[in-house]
$ cat upload_24.cif   # mmCIF, C-alpha atoms
data_input
loop_
_atom_site.label_atom_id
_atom_site.label_comp_id
_atom_site.auth_asym_id
_atom_site.auth_seq_id
_atom_site.Cartn_x
_atom_site.Cartn_y
_atom_site.Cartn_z
CA MET A 1 89.15 101.98 65.30
CA ASP A 2 85.65 102.49 63.96
CA ARG A 3 84.07 105.86 63.28
CA GLY A 4 82.38 106.09 66.70
CA LEU A 5 85.68 105.56 68.48
CA TRP A 6 87.39 108.28 66.44
CA ILE A 7 84.59 110.70 67.37
CA ALA A 8 85.03 109.78 71.05
CA LEU A 9 88.79 110.33 70.77
CA ILE A 10 88.33 113.74 69.14
CA ALA A 11 85.76 114.70 71.80
CA VAL A 12 88.21 113.82 74.61
CA ALA A 13 91.06 115.63 72.82
CA ALA A 14 88.97 118.76 72.16
CA GLY A 15 87.56 118.81 75.70
CA THR A 16 91.02 118.41 77.25
CA PHE A 17 92.46 121.15 75.03
CA LEU A 18 89.63 123.55 75.91
CA MET A 19 90.10 122.85 79.64
CA ARG A 20 93.75 123.76 79.25
CA SER A 21 93.42 126.84 77.07
CA LEU A 22 90.08 128.58 77.79
CA PRO A 23 90.79 129.34 81.48
CA LEU A 24 94.10 130.91 80.39
CA VAL A 25 92.38 133.09 77.79
CA TYR A 26 89.80 134.15 80.41
CA MET A 27 92.49 135.03 82.97
CA GLN A 28 94.58 136.94 80.42
CA ARG A 29 91.53 139.07 79.54
CA HIS A 30 90.78 139.56 83.23
CA LEU A 31 94.35 140.76 83.88
CA LEU A 32 94.29 143.03 80.81
CA LYS A 33 91.05 144.67 81.92
CA ARG A 34 92.55 145.63 85.24
CA SER A 35 95.41 147.67 83.73
CA ASN A 36 97.84 145.27 85.32
CA GLU A 37 100.69 147.22 86.78
CA ASP A 38 101.23 144.27 89.05
CA ALA A 39 99.60 141.21 87.56
CA ALA A 40 100.26 139.15 90.69
CA GLU A 41 98.08 141.50 92.76
CA ASN A 42 95.19 141.05 90.35
CA MET A 43 95.23 137.28 90.67
CA PRO A 44 92.54 135.84 92.92
CA VAL A 45 94.25 134.85 96.21
CA TRP A 46 92.99 131.28 96.17
CA LEU A 47 94.40 130.73 92.68
CA GLY A 48 97.88 131.86 93.69
CA ILE A 49 97.82 129.39 96.58
CA LEU A 50 96.40 126.54 94.53
CA GLY A 51 99.36 126.48 92.09
CA PRO A 52 102.14 125.54 94.55
CA SER A 53 99.64 123.31 96.39
CA MET A 54 99.06 121.32 93.19
CA ILE A 55 102.82 120.87 92.75
CA ALA A 56 103.16 119.66 96.36
CA ALA A 57 100.27 117.25 95.86
CA MET A 58 101.82 115.93 92.62
CA PHE A 59 105.08 115.42 94.49
CA GLY A 60 103.23 113.41 97.13
CA THR A 61 101.41 111.14 94.70
CA SER A 62 104.52 110.58 92.57
CA LEU A 63 106.35 109.20 95.61
CA ILE A 64 104.22 106.06 95.83
CA PRO A 65 106.23 103.17 94.36
CA ALA A 66 104.49 100.97 91.77
CA THR A 67 105.07 97.96 94.05
CA SER A 68 105.04 98.78 97.74
CA SER A 69 107.88 97.02 99.58
CA VAL A 70 110.63 97.85 102.08
CA GLY A 71 113.10 97.93 99.18
CA SER A 72 110.99 100.41 97.16
CA TRP A 73 110.38 102.72 100.10
CA SER A 74 114.07 102.73 101.16
CA ALA A 75 115.07 103.43 97.54
CA THR A 76 112.55 106.31 97.50
CA ALA A 77 113.92 107.72 100.78
CA LEU A 78 117.57 107.48 99.67
CA GLY A 79 116.74 108.88 96.23
CA LEU A 80 115.06 111.90 97.85
CA ILE A 81 117.96 112.48 100.24
CA ALA A 82 120.46 112.34 97.34
CA THR A 83 118.27 114.74 95.31
CA PHE A 84 117.93 117.22 98.16
CA LEU A 85 121.62 117.17 99.14
CA THR A 86 122.72 117.67 95.52
CA TRP A 87 120.21 120.52 95.15
CA LYS A 88 121.62 122.16 98.32
CA ARG A 89 125.10 121.91 96.83
CA THR A 90 124.50 122.84 93.17
CA LYS A 91 121.15 124.76 93.24
CA SER A 92 120.68 123.46 89.67
CA LEU A 93 117.83 121.56 88.02
CA GLY A 94 119.53 118.63 86.26
CA TRP A 95 122.23 117.31 88.63
CA PRO A 96 119.96 116.71 91.64
CA ILE A 97 117.64 114.63 89.44
CA ILE A 98 120.52 112.57 88.02
CA ALA A 99 121.85 111.99 91.57
CA GLY A 100 118.39 111.06 92.84
CA VAL A 101 117.68 108.58 90.04
CA ALA A 102 121.17 107.06 90.46
CA ALA A 103 120.72 106.62 94.23
CA TYR A 104 117.22 105.21 93.72
CA GLY A 105 118.44 102.76 91.05
CA LEU A 106 121.47 101.62 93.04
CA THR A 107 119.36 100.96 96.14
CA LYS A 108 116.89 99.00 94.04
CA ILE A 109 119.67 96.86 92.55
CA LEU A 110 121.33 96.30 95.94
CA THR A 111 118.11 95.34 97.71
CA ALA A 112 117.20 92.98 94.84
CA ALA A 113 120.68 91.37 95.10
CA VAL A 114 120.41 91.03 98.91
CA LEU A 115 116.95 89.46 98.65
CA GLN A 116 118.14 86.98 96.02
CA SER A 117 121.19 85.83 98.02
CA MET B 1 118.57 128.41 87.22
CA THR B 2 121.79 130.40 87.45
CA SER B 3 122.02 134.12 86.79
CA ALA B 4 124.00 133.37 83.63
CA GLU B 5 121.08 131.37 82.26
CA ALA B 6 118.63 134.14 83.19
CA ILE B 7 120.32 136.58 80.81
CA ALA B 8 120.84 134.08 77.97
CA PRO B 9 120.22 135.54 74.48
CA ARG B 10 116.66 135.30 73.21
CA LYS B 11 117.43 133.05 70.27
CA LEU B 12 118.52 130.36 72.74
CA SER B 13 115.48 130.55 74.97
CA TRP B 14 113.80 127.58 73.29
CA VAL B 15 117.04 125.59 73.70
CA THR B 16 117.05 126.45 77.42
CA GLY B 17 113.41 125.33 77.67
CA ALA B 18 114.15 122.11 75.80
CA ARG B 19 117.18 121.41 78.02
CA GLU B 20 115.27 122.09 81.22
CA ALA B 21 112.51 119.70 80.13
CA VAL B 22 114.99 116.82 79.66
CA PRO B 23 114.61 115.57 83.28
CA LEU B 24 110.92 115.02 82.49
CA LEU B 25 111.84 112.38 79.93
CA GLY B 26 112.89 109.97 82.67
CA GLY B 27 109.29 109.94 83.78
CA TYR B 28 107.55 110.36 80.43
CA ILE B 29 109.25 107.77 78.24
CA PRO B 30 108.78 104.67 80.48
CA VAL B 31 105.14 105.59 81.13
CA ALA B 32 104.52 106.27 77.42
CA ILE B 33 106.07 102.90 76.56
CA SER B 34 103.70 101.24 79.06
CA PHE B 35 100.79 103.11 77.47
CA GLY B 36 101.81 101.95 73.99
CA LEU B 37 102.11 98.39 75.23
CA ILE B 38 98.67 98.44 76.87
CA ALA B 39 97.09 100.12 73.83
CA ALA B 40 98.55 97.42 71.56
CA GLN B 41 97.20 94.72 73.86
CA ALA B 42 93.79 96.42 73.71
CA GLY B 43 93.80 96.16 69.90
CA PHE B 44 94.99 99.65 68.92
CA ASN B 45 97.49 99.73 66.04
CA VAL B 46 100.55 101.99 65.98
CA TRP B 47 98.74 104.91 64.23
CA GLU B 48 95.71 104.75 66.49
CA ALA B 49 97.75 104.64 69.71
CA GLY B 50 99.96 107.42 68.31
CA ALA B 51 96.86 109.51 67.53
CA VAL B 52 95.67 109.17 71.15
CA SER B 53 99.04 110.45 72.43
CA VAL B 54 99.22 113.27 69.86
CA LEU B 55 95.65 114.50 70.36
CA VAL B 56 94.81 113.84 74.03
CA TYR B 57 98.32 114.00 75.56
CA ALA B 58 97.25 113.35 79.15
CA GLY B 59 98.62 110.18 80.76
CA ALA B 60 95.97 108.99 83.22
CA SER B 61 93.02 109.70 80.92
CA GLN B 62 94.72 107.90 78.02
CA PHE B 63 95.12 104.74 80.10
CA LEU B 64 91.49 105.02 81.16
CA PHE B 65 90.32 105.68 77.58
CA VAL B 66 92.04 102.57 76.23
CA ALA B 67 91.00 100.36 79.16
CA MET B 68 87.33 101.43 78.95
CA VAL B 69 87.23 100.98 75.17
CA ALA B 70 88.78 97.50 75.54
CA SER B 71 86.19 96.57 78.17
CA GLY B 72 83.35 97.61 75.83
CA ALA B 73 82.07 100.54 77.92
CA PRO B 74 79.60 102.93 76.21
CA LEU B 75 81.51 105.62 74.33
CA TRP B 76 79.70 108.55 76.00
CA LEU B 77 80.87 107.19 79.38
CA VAL B 78 84.44 106.82 78.06
CA VAL B 79 84.38 110.50 77.02
CA VAL B 80 82.86 111.74 80.31
CA MET B 81 85.25 109.76 82.53
CA SER B 82 88.33 110.74 80.49
CA LEU B 83 87.35 114.41 80.68
CA LEU B 84 86.65 114.21 84.42
CA ILE B 85 90.17 112.94 85.07
CA ASN B 86 91.56 115.88 83.11
CA ALA B 87 89.42 118.49 84.87
CA ARG B 88 92.33 119.42 87.18
CA HIS B 89 94.01 121.11 84.19
CA VAL B 90 91.47 123.94 84.43
CA VAL B 91 93.49 125.71 87.15
CA TYR B 92 96.92 125.44 85.50
CA GLY B 93 96.57 128.10 82.76
CA PRO B 94 95.21 130.87 85.03
CA ASN B 95 98.02 130.14 87.49
CA ILE B 96 100.77 130.97 85.00
CA ALA B 97 98.82 133.71 83.12
CA GLN B 98 100.53 136.53 85.05
CA TRP B 99 103.94 135.59 83.57
CA LEU B 100 102.87 135.18 79.93
CA PRO B 101 103.60 138.19 77.70
CA HIS B 102 101.08 139.01 74.97
CA SER B 103 101.12 136.50 72.08
CA ARG B 104 98.40 134.83 70.05
CA TRP B 105 100.31 131.54 70.32
CA TRP B 106 99.68 130.96 74.04
CA PRO B 107 96.19 129.39 73.78
CA TRP B 108 97.52 126.87 71.22
CA LEU B 109 100.61 126.10 73.27
CA MET B 110 98.39 125.18 76.22
CA HIS B 111 97.92 121.79 74.54
CA GLY B 112 101.27 120.99 76.12
CA LEU B 113 100.33 122.17 79.62
CA THR B 114 100.60 118.83 81.41
CA ASP B 115 100.99 118.41 85.19
CA GLN B 116 104.77 118.38 84.91
CA ILE B 117 105.11 121.23 82.38
CA PHE B 118 102.84 123.30 84.64
CA ALA B 119 105.05 122.58 87.66
CA LEU B 120 108.19 123.42 85.67
CA SER B 121 106.68 126.61 84.20
CA HIS B 122 105.35 127.78 87.56
CA SER B 123 108.88 127.67 88.97
CA ARG B 124 110.91 128.81 85.93
CA LEU B 125 108.81 131.43 84.06
CA PRO B 126 109.01 134.09 86.80
CA LEU B 127 112.81 133.86 86.67
CA LEU B 128 113.05 134.43 82.91
CA PRO B 129 113.04 137.81 81.11
CA GLU B 130 109.65 138.41 79.47
CA ASN B 131 110.95 138.15 75.90
CA GLU B 132 112.32 134.66 76.53
CA ARG B 133 109.20 133.05 78.01
CA LEU B 134 107.43 132.13 74.76
CA GLY B 135 110.55 130.45 73.38
CA TRP B 136 111.28 128.71 76.67
CA PHE B 137 107.76 127.30 76.98
CA THR B 138 107.69 126.19 73.32
CA GLY B 139 111.00 124.33 73.68
CA ALA B 140 110.00 122.68 76.96
CA MET B 141 106.52 121.59 75.85
CA LEU B 142 107.70 120.25 72.48
CA VAL B 143 110.43 118.08 74.05
CA ALA B 144 107.93 116.65 76.52
CA TRP B 145 105.21 116.12 73.89
CA PHE B 146 107.52 114.47 71.34
CA SER B 147 108.99 112.20 74.01
CA TRP B 148 105.46 111.12 74.96
CA ILE B 149 104.53 110.40 71.33
CA GLY B 150 107.86 108.65 70.65
CA GLY B 151 107.54 106.53 73.81
CA THR B 152 104.01 105.51 72.80
CA LEU B 153 105.13 104.38 69.34
CA VAL B 154 108.06 102.42 70.80
CA GLY B 155 105.68 100.86 73.31
CA VAL B 156 103.29 99.65 70.58
CA VAL B 157 106.07 98.25 68.41
CA ALA B 158 108.50 96.85 70.98
CA GLY B 159 107.06 97.47 74.47
CA ALA B 160 106.76 93.81 75.41
CA GLU B 161 110.34 93.03 74.42
CA LEU B 162 111.78 96.12 76.12
CA THR B 163 110.06 95.53 79.46
CA GLN B 164 111.17 91.89 79.37
CA ARG B 165 114.80 92.70 78.60
CA TRP B 166 115.29 95.69 80.97
CA PRO B 167 112.60 95.41 83.63
CA LEU B 168 114.60 97.52 86.12
CA LEU B 169 114.94 100.47 83.71
CA GLY B 170 111.19 100.96 83.61
CA GLU B 171 111.13 100.94 87.41
CA VAL B 172 114.08 103.27 88.00
CA MET B 173 113.63 106.04 85.39
CA PRO B 174 110.21 107.23 86.61
CA PHE B 175 111.90 108.34 89.87
CA ALA B 176 112.95 111.39 87.84
CA LEU B 177 109.43 112.80 88.42
CA PRO B 178 109.40 112.92 92.27
CA ALA B 179 113.02 114.13 92.11
CA LEU B 180 111.97 116.95 89.76
CA PHE B 181 109.02 117.95 91.97
CA LEU B 182 111.34 117.96 95.01
CA VAL B 183 113.78 120.32 93.24
CA LEU B 184 110.89 122.62 92.22
CA LEU B 185 109.52 122.68 95.78
CA ALA B 186 112.83 122.88 97.65
CA PRO B 187 113.17 126.71 97.41
CA ARG B 188 109.69 127.03 99.00
CA PHE B 189 110.63 124.78 101.88
CA LYS B 190 107.82 125.41 104.36
CA SER B 191 105.63 123.11 106.35
CA ARG B 192 102.49 123.62 104.22
CA PRO B 193 103.69 122.06 100.94
CA TRP B 194 105.14 119.11 102.83
CA SER B 195 102.01 118.46 104.81
CA LEU B 196 100.08 118.64 101.54
CA ALA B 197 102.43 116.12 99.97
CA LEU B 198 101.77 113.84 102.92
CA ALA B 199 98.01 114.32 102.53
CA ALA B 200 98.28 113.43 98.84
CA ILE B 201 100.27 110.28 99.69
CA LEU B 202 97.60 109.18 102.18
CA LEU B 203 94.81 109.86 99.67
CA LYS B 204 96.57 107.92 96.96
CA LEU B 205 97.33 105.03 99.31
CA SER B 206 93.70 104.93 100.38
CA GLY B 207 92.63 104.16 96.82
CA LEU B 208 92.07 107.61 95.31
CA PRO B 209 94.94 107.85 92.80
CA ASN B 210 93.40 110.42 90.45
CA ALA B 211 91.44 112.45 92.96
CA ALA B 212 94.44 112.71 95.34
CA ILE B 213 96.07 115.71 93.61
CA PRO B 214 93.05 118.06 93.39
CA ILE B 215 91.63 117.05 96.79
CA ALA B 216 94.94 117.52 98.63
CA ALA B 217 95.59 120.82 96.82
CA ALA B 218 92.09 122.15 97.53
CA CYS B 219 92.40 121.21 101.23
CA GLY B 220 95.78 122.94 101.34
CA ALA B 221 94.44 126.12 99.73
CA LEU B 222 91.41 126.19 102.09
CA LEU B 223 93.62 125.67 105.15
CA PHE B 224 95.93 128.46 104.03
CA LEU B 225 93.00 130.87 103.58
CA ALA B 226 91.59 129.90 106.99
CA VAL B 227 94.94 130.42 108.75
CA ASP B 228 95.52 133.66 106.83
CA ALA B 229 92.08 135.04 107.79
CA ASN B 230 92.67 134.05 111.42
CA THR B 231 96.06 135.73 111.51
CA ARG B 232 94.59 138.97 110.10
CA LYS B 233 91.81 138.83 112.68
CA GLY B 234 94.44 138.42 115.40
CA VAL B 235 96.37 141.40 114.07
CA ASN B 236 93.20 143.56 113.95
CA HIS B 237 92.27 142.62 117.50
CA GLY B 238 95.80 143.12 118.75
#
$ encode --input "upload_24.cif" --output "structure tokens"
Amino acid sequence: MDRGLWIALIAVAAGTFLMRSLPLVYMQRHLLKRSNEDAAENMPVWLGILGPSMIAAMFGTSLIPATSSVGSWSATALGLIATFLTWKRTKSLGWPIIAGVAAYGLTKILTAAVLQS
Amino acid sequence: MTSAEAIAPRKLSWVTGAREAVPLLGGYIPVAISFGLIAAQAGFNVWEAGAVSVLVYAGASQFLFVAMVASGAPLWLVVVMSLLINARHVVYGPNIAQWLPHSRWWPWLMHGLTDQIFALSHSRLPLLPENERLGWFTGAMLVAWFSWIGGTLVGVVAGAELTQRWPLLGEVMPFALPALFLVLLAPRFKSRPWSLALAAILLKLSGLPNAAIPIAAACGALLFLAVDANTRKGVNHG
């Protein structure tokens, strides 16, 4: 990489870091100023709603398979069902994900085998 | 998280964080390998691609950065576009601020506040005792960051061979991300998050992959405020 490219890289890195850290510093000062007996009550309402909304939106976008086909969508559906059922049973973080990935992978392999035969 | 984990001794809080970030690796490593592979094809050597992952550490913008550089785009445009993609990170820090006890380390640790670490922190931090949160976050963000850097380096050195030998692995492991988001959302099972997820799917399918998350989330937040205001009005009138 030449010098110009390194400068561009550092500018992107610095800008991204500042976008991640400065709003936190601002909010921490804001909460401190308001003698926060209950920090949650001092949060702007829209911000409290935006957090879970972002997670839901990330969930939605992450569901789109890289290659859209009946096999991919059925694997996604079965993977989600396996994840949810395991979560209902264990209420843990790791096992539902292992079950979901296993169900997704098995469906992928089976549909690929069926299509080949 | 079980109640036993919630009262784990402080010295193990970073181990708990690291362990709880492990499911992220299923999504991070295959994508980082793809990034390394694409960076190598664009002419970046192992140190340069590694530097991008160490310093920027934001998936979509890294892919864009490398692709725009390879296509010969003006550097100022590369910087502006990469930063625009990362603008959604602005709302993550303030959203978890209420659960972060005082420490001068927090602003520096925000380098690791990716989409997935934010989602994990938003769900786990409120359940942890205050004195364990710094350790937990440090453990979780370091595991995710190192896996991203490691995946990038592997991708540059051996990405082509790996994707040729185990093509299915790269397709299957990333399902860990939607599975993780589902587990994080499941306790809040209400119609709003699910309708938002659907909105995000439609936006992404209609050709807005990077704008889908902030647009769907903003629509969801606006709708919630509108419904909330309406309900209060109804209560006042009643």
$ atom_distance --input "upload_24.cif" --atom1 "atom CA of B:Phe181" --atom2 "atom CA of A:Ile55"
6.9 Å
$ atom_distance --input "upload_24.cif" --atom1 "atom CA of A:Ile7" --atom2 "atom CA of B:Leu83"
14.1 Å
$ closest_residue --input "upload_24.cif" --among "B:Tyr57, B:Trp166, B:Trp145, B:Ala140" --to "chain A" --atoms "only C-alpha atoms"
B:Tyr57
$ closest_atom_pairs --input "upload_24.cif" --of "stretch 14-71 of chain B" --to "stretch 17-21 of chain A" --cutoff "12 Å" --atoms "only C-alpha atoms" --output "CSV"
residue,atom,partner,partner_atom,distance
B:Val54,CA,A:Phe17,CA,11.6
B:Leu55,CA,A:Phe17,CA,8.7
B:Val56,CA,A:Phe17,CA,7.7
B:Tyr57,CA,A:Phe17,CA,9.3
B:Ala58,CA,A:Phe17,CA,10.0
$ residues_around --input "upload_24.cif" --residues "B:Val15" --least-positions-apart "5" --cutoff "9 Å" --atoms "only C-alpha atoms" --output "PyMOL selection string"
chain B and resi 20+135-136+139-140
$ atom_distance --input "upload_24.cif" --atom1 "atom CA of B:Tyr28" --atom2 "atom CA of A:Phe84"
21.7 Å
$ closest_atom_pairs --input "upload_24.cif" --of "chain A" --to "chain B" --cutoff "6 Å" --atoms "all atoms listed in the file" --output "JSON lines"
{"residue": "A:Val12", "atom": "CA", "partner": "B:Val79", "partner_atom": "CA", "distance": 5.6}
{"residue": "A:Ala13", "atom": "CA", "partner": "B:Val56", "partner_atom": "CA", "distance": 4.3}
{"residue": "A:Phe17", "atom": "CA", "partner": "B:His111", "partner_atom": "CA", "distance": 5.5}
{"residue": "A:Met19", "atom": "CA", "partner": "B:Val90", "partner_atom": "CA", "distance": 5.1}
{"residue": "A:Arg20", "atom": "CA", "partner": "B:His89", "partner_atom": "CA", "distance": 5.6}
{"residue": "A:Ser21", "atom": "CA", "partner": "B:Pro107", "partner_atom": "CA", "distance": 5.0}
{"residue": "A:Pro23", "atom": "CA", "partner": "B:Pro94", "partner_atom": "CA", "distance": 5.9}
{"residue": "A:Leu24", "atom": "CA", "partner": "B:Gly93", "partner_atom": "CA", "distance": 4.4}
{"residue": "A:Met27", "atom": "CA", "partner": "B:Pro94", "partner_atom": "CA", "distance": 5.4}
{"residue": "A:Gln28", "atom": "CA", "partner": "B:Ala97", "partner_atom": "CA", "distance": 6.0}
{"residue": "A:Ala39", "atom": "CA", "partner": "B:Gln98", "partner_atom": "CA", "distance": 5.4}
{"residue": "A:Ile49", "atom": "CA", "partner": "B:Ala221", "partner_atom": "CA", "distance": 5.7}
{"residue": "A:Leu50", "atom": "CA", "partner": "B:Ala221", "partner_atom": "CA", "distance": 5.6}
{"residue": "A:Ser53", "atom": "CA", "partner": "B:Ala217", "partner_atom": "CA", "distance": 4.8}
{"residue": "A:Met54", "atom": "CA", "partner": "B:Ala217", "partner_atom": "CA", "distance": 5.0}
{"residue": "A:Ile55", "atom": "CA", "partner": "B:Ala119", "partner_atom": "CA", "distance": 5.8}
{"residue": "A:Ala56", "atom": "CA", "partner": "B:Ala197", "partner_atom": "CA", "distance": 5.1}
{"residue": "A:Ala57", "atom": "CA", "partner": "B:Ala197", "partner_atom": "CA", "distance": 4.8}
{"residue": "A:Met58", "atom": "CA", "partner": "B:Ile213", "partner_atom": "CA", "distance": 5.8}
{"residue": "A:Phe59", "atom": "CA", "partner": "B:Phe181", "partner_atom": "CA", "distance": 5.3}
{"residue": "A:Gly60", "atom": "CA", "partner": "B:Ala197", "partner_atom": "CA", "distance": 4.0}
{"residue": "A:Thr61", "atom": "CA", "partner": "B:Ile201", "partner_atom": "CA", "distance": 5.2}
{"residue": "A:Ser62", "atom": "CA", "partner": "B:Pro178", "partner_atom": "CA", "distance": 5.4}
{"residue": "A:Leu63", "atom": "CA", "partner": "B:Pro178", "partner_atom": "CA", "distance": 5.9}
{"residue": "A:Ser92", "atom": "CA", "partner": "B:Met1", "partner_atom": "CA", "distance": 5.9}
{"residue": "A:Ile97", "atom": "CA", "partner": "B:Ala179", "partner_atom": "CA", "distance": 5.4}
{"residue": "A:Val101", "atom": "CA", "partner": "B:Phe175", "partner_atom": "CA", "distance": 5.8}
{"residue": "A:Gly105", "atom": "CA", "partner": "B:Val172", "partner_atom": "CA", "distance": 5.3}
$ resolve_selection --input "upload_24.cif" --expression "the PyMOL selection byres ((chain A and resi 103) around 8)" --output "PyMOL selection string"
chain A and resi 75+78-79+82+99-102+104-107
